[in-house]
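Data block for work.cif (mmCIF, C-alpha atoms, pLDDT in the B column; chains and numbers go by the auth columns):
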data_upload
loop_
_atom_site.group_PDB
_atom_site.id
_atom_site.type_symbol
_atom_site.label_atom_id
_atom_site.label_comp_id
_atom_site.label_asym_id
_atom_site.label_seq_id
_atom_site.Cartn_x
_atom_site.Cartn_y
_atom_site.Cartn_z
_atom_site.B_iso_or_equiv
_atom_site.auth_seq_id
_atom_site.auth_asym_id
ATOM 1 C CA MET A 1 27.561 9.320 -11.540 49.00 930 N
ATOM 2 C CA PRO A 2 24.984 6.581 -10.652 54.00 931 N
ATOM 3 C CA ALA A 3 21.399 7.516 -9.912 59.00 932 N
ATOM 4 C CA CYS A 4 20.260 7.528 -6.288 65.00 933 N
ATOM 5 C CA VAL A 5 18.830 4.142 -5.294 63.00 934 N
ATOM 6 C CA CYS A 6 17.779 5.242 -1.799 63.00 935 N
ATOM 7 C CA GLY A 7 14.074 4.871 -2.610 60.00 936 N
ATOM 8 C CA ASP A 8 14.555 1.401 -4.080 64.00 937 N
ATOM 9 C CA ILE A 9 16.446 0.204 -1.005 64.00 938 N
ATOM 10 C CA ALA A 10 13.799 1.692 1.296 64.00 939 N
ATOM 11 C CA LYS A 11 11.033 -0.121 -0.625 68.00 940 N
ATOM 12 C CA THR A 12 12.658 -3.540 -0.230 67.00 941 N
ATOM 13 C CA GLN A 13 13.044 -3.089 3.545 72.00 942 N
ATOM 14 C CA GLN A 14 9.377 -2.383 4.319 79.00 943 N
ATOM 15 C CA GLU A 15 7.193 -4.739 6.387 89.00 944 N
ATOM 16 C CA ILE A 16 3.806 -4.086 4.797 92.00 945 N
ATOM 17 C CA THR A 17 0.570 -5.515 6.188 94.00 946 N
ATOM 18 C CA VAL A 18 -2.683 -5.729 4.212 95.00 947 N
ATOM 19 C CA SER A 19 -5.813 -6.226 6.318 95.00 948 N
ATOM 20 C CA ILE A 20 -9.585 -5.843 6.145 95.00 949 N
ATOM 21 C CA GLU A 21 -11.547 -3.694 8.567 94.00 950 N
ATOM 22 C CA LYS A 22 -15.316 -3.622 8.829 95.00 951 N
ATOM 23 C CA ARG A 23 -16.748 -0.140 9.335 88.00 952 N
ATOM 24 C CA ARG A 24 -20.127 1.302 10.195 88.00 953 N
ATOM 25 C CA PHE A 25 -23.163 0.169 8.234 91.00 954 N
ATOM 26 C CA GLY A 26 -21.365 -2.979 7.034 91.00 955 N
ATOM 27 C CA LYS A 27 -18.833 -1.131 4.866 93.00 956 N
ATOM 28 C CA VAL A 28 -15.469 -2.839 4.366 96.00 957 N
ATOM 29 C CA ASN A 29 -12.102 -1.082 4.031 95.00 958 N
ATOM 30 C CA THR A 30 -8.745 -2.508 2.989 96.00 959 N
ATOM 31 C CA MET A 31 -5.985 -1.187 5.264 96.00 960 N
ATOM 32 C CA ILE A 32 -2.359 -1.160 4.055 95.00 961 N
ATOM 33 C CA SER A 33 0.146 -0.273 6.785 94.00 962 N
ATOM 34 C CA GLY A 34 3.830 -0.565 7.639 92.00 963 N
ATOM 35 C CA PHE A 35 5.315 2.173 5.450 89.00 964 N
ATOM 36 C CA ASP A 36 8.393 4.089 6.653 86.00 965 N
ATOM 37 C CA ASP A 37 9.116 7.798 6.286 83.00 966 N
ATOM 38 C CA GLY A 38 11.223 7.410 3.110 81.00 967 N
ATOM 39 C CA ILE A 39 8.246 6.276 1.028 86.00 968 N
ATOM 40 C CA ASP A 40 5.818 8.560 -0.830 90.00 969 N
ATOM 41 C CA ILE A 41 2.627 7.054 0.606 93.00 970 N
ATOM 42 C CA LYS A 42 0.287 9.495 -1.152 94.00 971 N
ATOM 43 C CA ASN A 43 1.680 8.555 -4.560 94.00 972 N
ATOM 44 C CA ILE A 44 1.319 4.824 -3.810 94.00 973 N
ATOM 45 C CA ALA A 45 -2.256 5.386 -2.594 95.00 974 N
ATOM 46 C CA LYS A 46 -3.039 7.287 -5.786 96.00 975 N
ATOM 47 C CA LYS A 47 -1.747 4.421 -7.957 95.00 976 N
ATOM 48 C CA LEU A 48 -3.629 1.804 -5.918 95.00 977 N
ATOM 49 C CA LYS A 49 -6.885 3.759 -6.165 96.00 978 N
ATOM 50 C CA MET A 50 -6.412 4.207 -9.905 96.00 979 N
ATOM 51 C CA LYS A 51 -5.614 0.530 -10.577 95.00 980 N
ATOM 52 C CA ARG A 52 -8.411 -0.814 -8.321 95.00 981 N
ATOM 53 C CA ALA A 53 -10.971 1.862 -9.364 96.00 982 N
ATOM 54 C CA CYS A 54 -11.940 2.711 -5.798 96.00 983 N
ATOM 55 C CA GLY A 55 -11.854 5.579 -3.353 96.00 984 N
ATOM 56 C CA GLY A 56 -9.503 5.875 -0.438 96.00 985 N
ATOM 57 C CA THR A 57 -7.316 8.045 1.752 96.00 986 N
ATOM 58 C CA VAL A 58 -4.072 8.150 3.726 96.00 987 N
ATOM 59 C CA LYS A 59 -4.278 8.531 7.513 94.00 988 N
ATOM 60 C CA ASN A 60 -1.373 8.135 9.962 93.00 989 N
ATOM 61 C CA LYS A 61 0.868 6.303 7.454 92.00 990 N
ATOM 62 C CA VAL A 62 -1.961 3.868 6.638 95.00 991 N
ATOM 63 C CA ILE A 63 -3.590 3.637 3.212 96.00 992 N
ATOM 64 C CA GLU A 64 -7.345 3.018 3.442 96.00 993 N
ATOM 65 C CA LEU A 65 -9.096 1.753 0.318 97.00 994 N
ATOM 66 C CA GLN A 66 -12.875 1.466 0.112 95.00 995 N
ATOM 67 C CA GLY A 67 -13.932 -2.132 -0.440 95.00 996 N
ATOM 68 C CA ASN A 68 -12.288 -5.536 -0.117 95.00 997 N
ATOM 69 C CA HIS A 69 -9.140 -5.550 -2.287 95.00 998 N
ATOM 70 C CA LYS A 70 -7.026 -7.920 -0.193 92.00 999 N
ATOM 71 C CA GLY A 71 -6.122 -10.385 -2.966 91.00 1000 N
ATOM 72 C CA PHE A 72 -5.247 -7.681 -5.488 94.00 1001 N
ATOM 73 C CA ILE A 73 -2.902 -5.394 -3.532 94.00 1002 N
ATOM 74 C CA LYS A 74 0.203 -7.597 -3.405 93.00 1003 N
ATOM 75 C CA PRO A 75 0.825 -7.787 -7.202 94.00 1004 N
ATOM 76 C CA ILE A 76 0.360 -4.031 -7.532 93.00 1005 N
ATOM 77 C CA LEU A 77 2.852 -3.297 -4.735 92.00 1006 N
ATOM 78 C CA VAL A 78 5.356 -5.771 -6.230 91.00 1007 N
ATOM 79 C CA SER A 79 5.074 -3.980 -9.595 92.00 1008 N
ATOM 80 C CA GLU A 80 5.825 -0.727 -7.741 89.00 1009 N
ATOM 81 C CA GLY A 81 9.131 -2.154 -6.476 87.00 1010 N
ATOM 82 C CA PHE A 82 8.253 -3.603 -3.075 88.00 1011 N
ATOM 83 C CA SER A 83 9.612 -7.009 -2.079 87.00 1012 N
ATOM 84 C CA GLU A 84 7.030 -9.818 -2.300 89.00 1013 N
ATOM 85 C CA GLU A 85 8.362 -11.485 0.854 90.00 1014 N
ATOM 86 C CA GLN A 86 7.795 -8.312 2.912 89.00 1015 N
ATOM 87 C CA ILE A 87 4.060 -8.047 2.106 91.00 1016 N
ATOM 88 C CA ASN A 88 1.764 -9.878 4.556 91.00 1017 N
ATOM 89 C CA GLU A 89 -1.832 -10.402 3.536 84.00 1018 N
#
Once you've parsed the file, please lay out its structure as structure tokens.
Amino acid sequence: MPACVCGDIAKTQQEITVSIEKRRFGKVNTMISGFDDGIDIKNIAKKLKMKRACGGTVKNKVIELQGNHKGFIKPILVSEGFSEEQINE
């Protein structure tokens, strides 16, 4: 029997947006949004934080990373199985 590819199909159909948001005291956060319910957002956030060596959290289906990581997020998400065309930076 073939393995379930539900997660892989769900990853390729995401419309992910990477943006920068300036917070209090001049702090900058990288916001990654557009994930659906079928995706393990906490696991993705954990991998992003580990690969970018930064802190962060998940709030309301949005991953918040501390610092400006806009140019580095897309290759990491592509290596995790997301479609490059669906990621807007």
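Minimum atom-to-atom distances from N:His998, N:Lys980, N:Lys1003, N:Lys975 to Thr959 (chain N) were compared using only C-alpha atoms, and the lowest value belongs to N:His998.
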**Study point:** Residues near Ile970 (chain N), cut-off 12 Å, all atoms listed in the file, skip fewer than 6 positions along chain, as a list in words
**Key:** Lys940, Ile945, Ile961, Ser962, Gly963, Phe964, Lys976, Leu977, Thr986, Val987, Lys988, Asn989, Lys990, Val991, Ile992, Glu993, Leu1006 and Glu1009 of chain N
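Computed from the coordinates, the CA of Lys951 (chain N) to CA of Val1007 (chain N) distance equals 25.7 Å.
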Check your understanding: What lies within 12 Å of Gly955 (chain N) using only C-alpha atoms, ignoring chain neighbours under 5 positions off, as an MDAnalysis selection string?
Key -> chainID N and resid 950 995:997
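From CA of Glu1014 (chain N) back to CA of Ala974 (chain N), the distance works out to 20.2 Å.
Candidate residues N:Arg981, N:Lys999, N:Ile973, N:Leu994 were compared for distance to Phe1011 (chain N), and the nearest is N:Ile973, using all atoms listed in the file.
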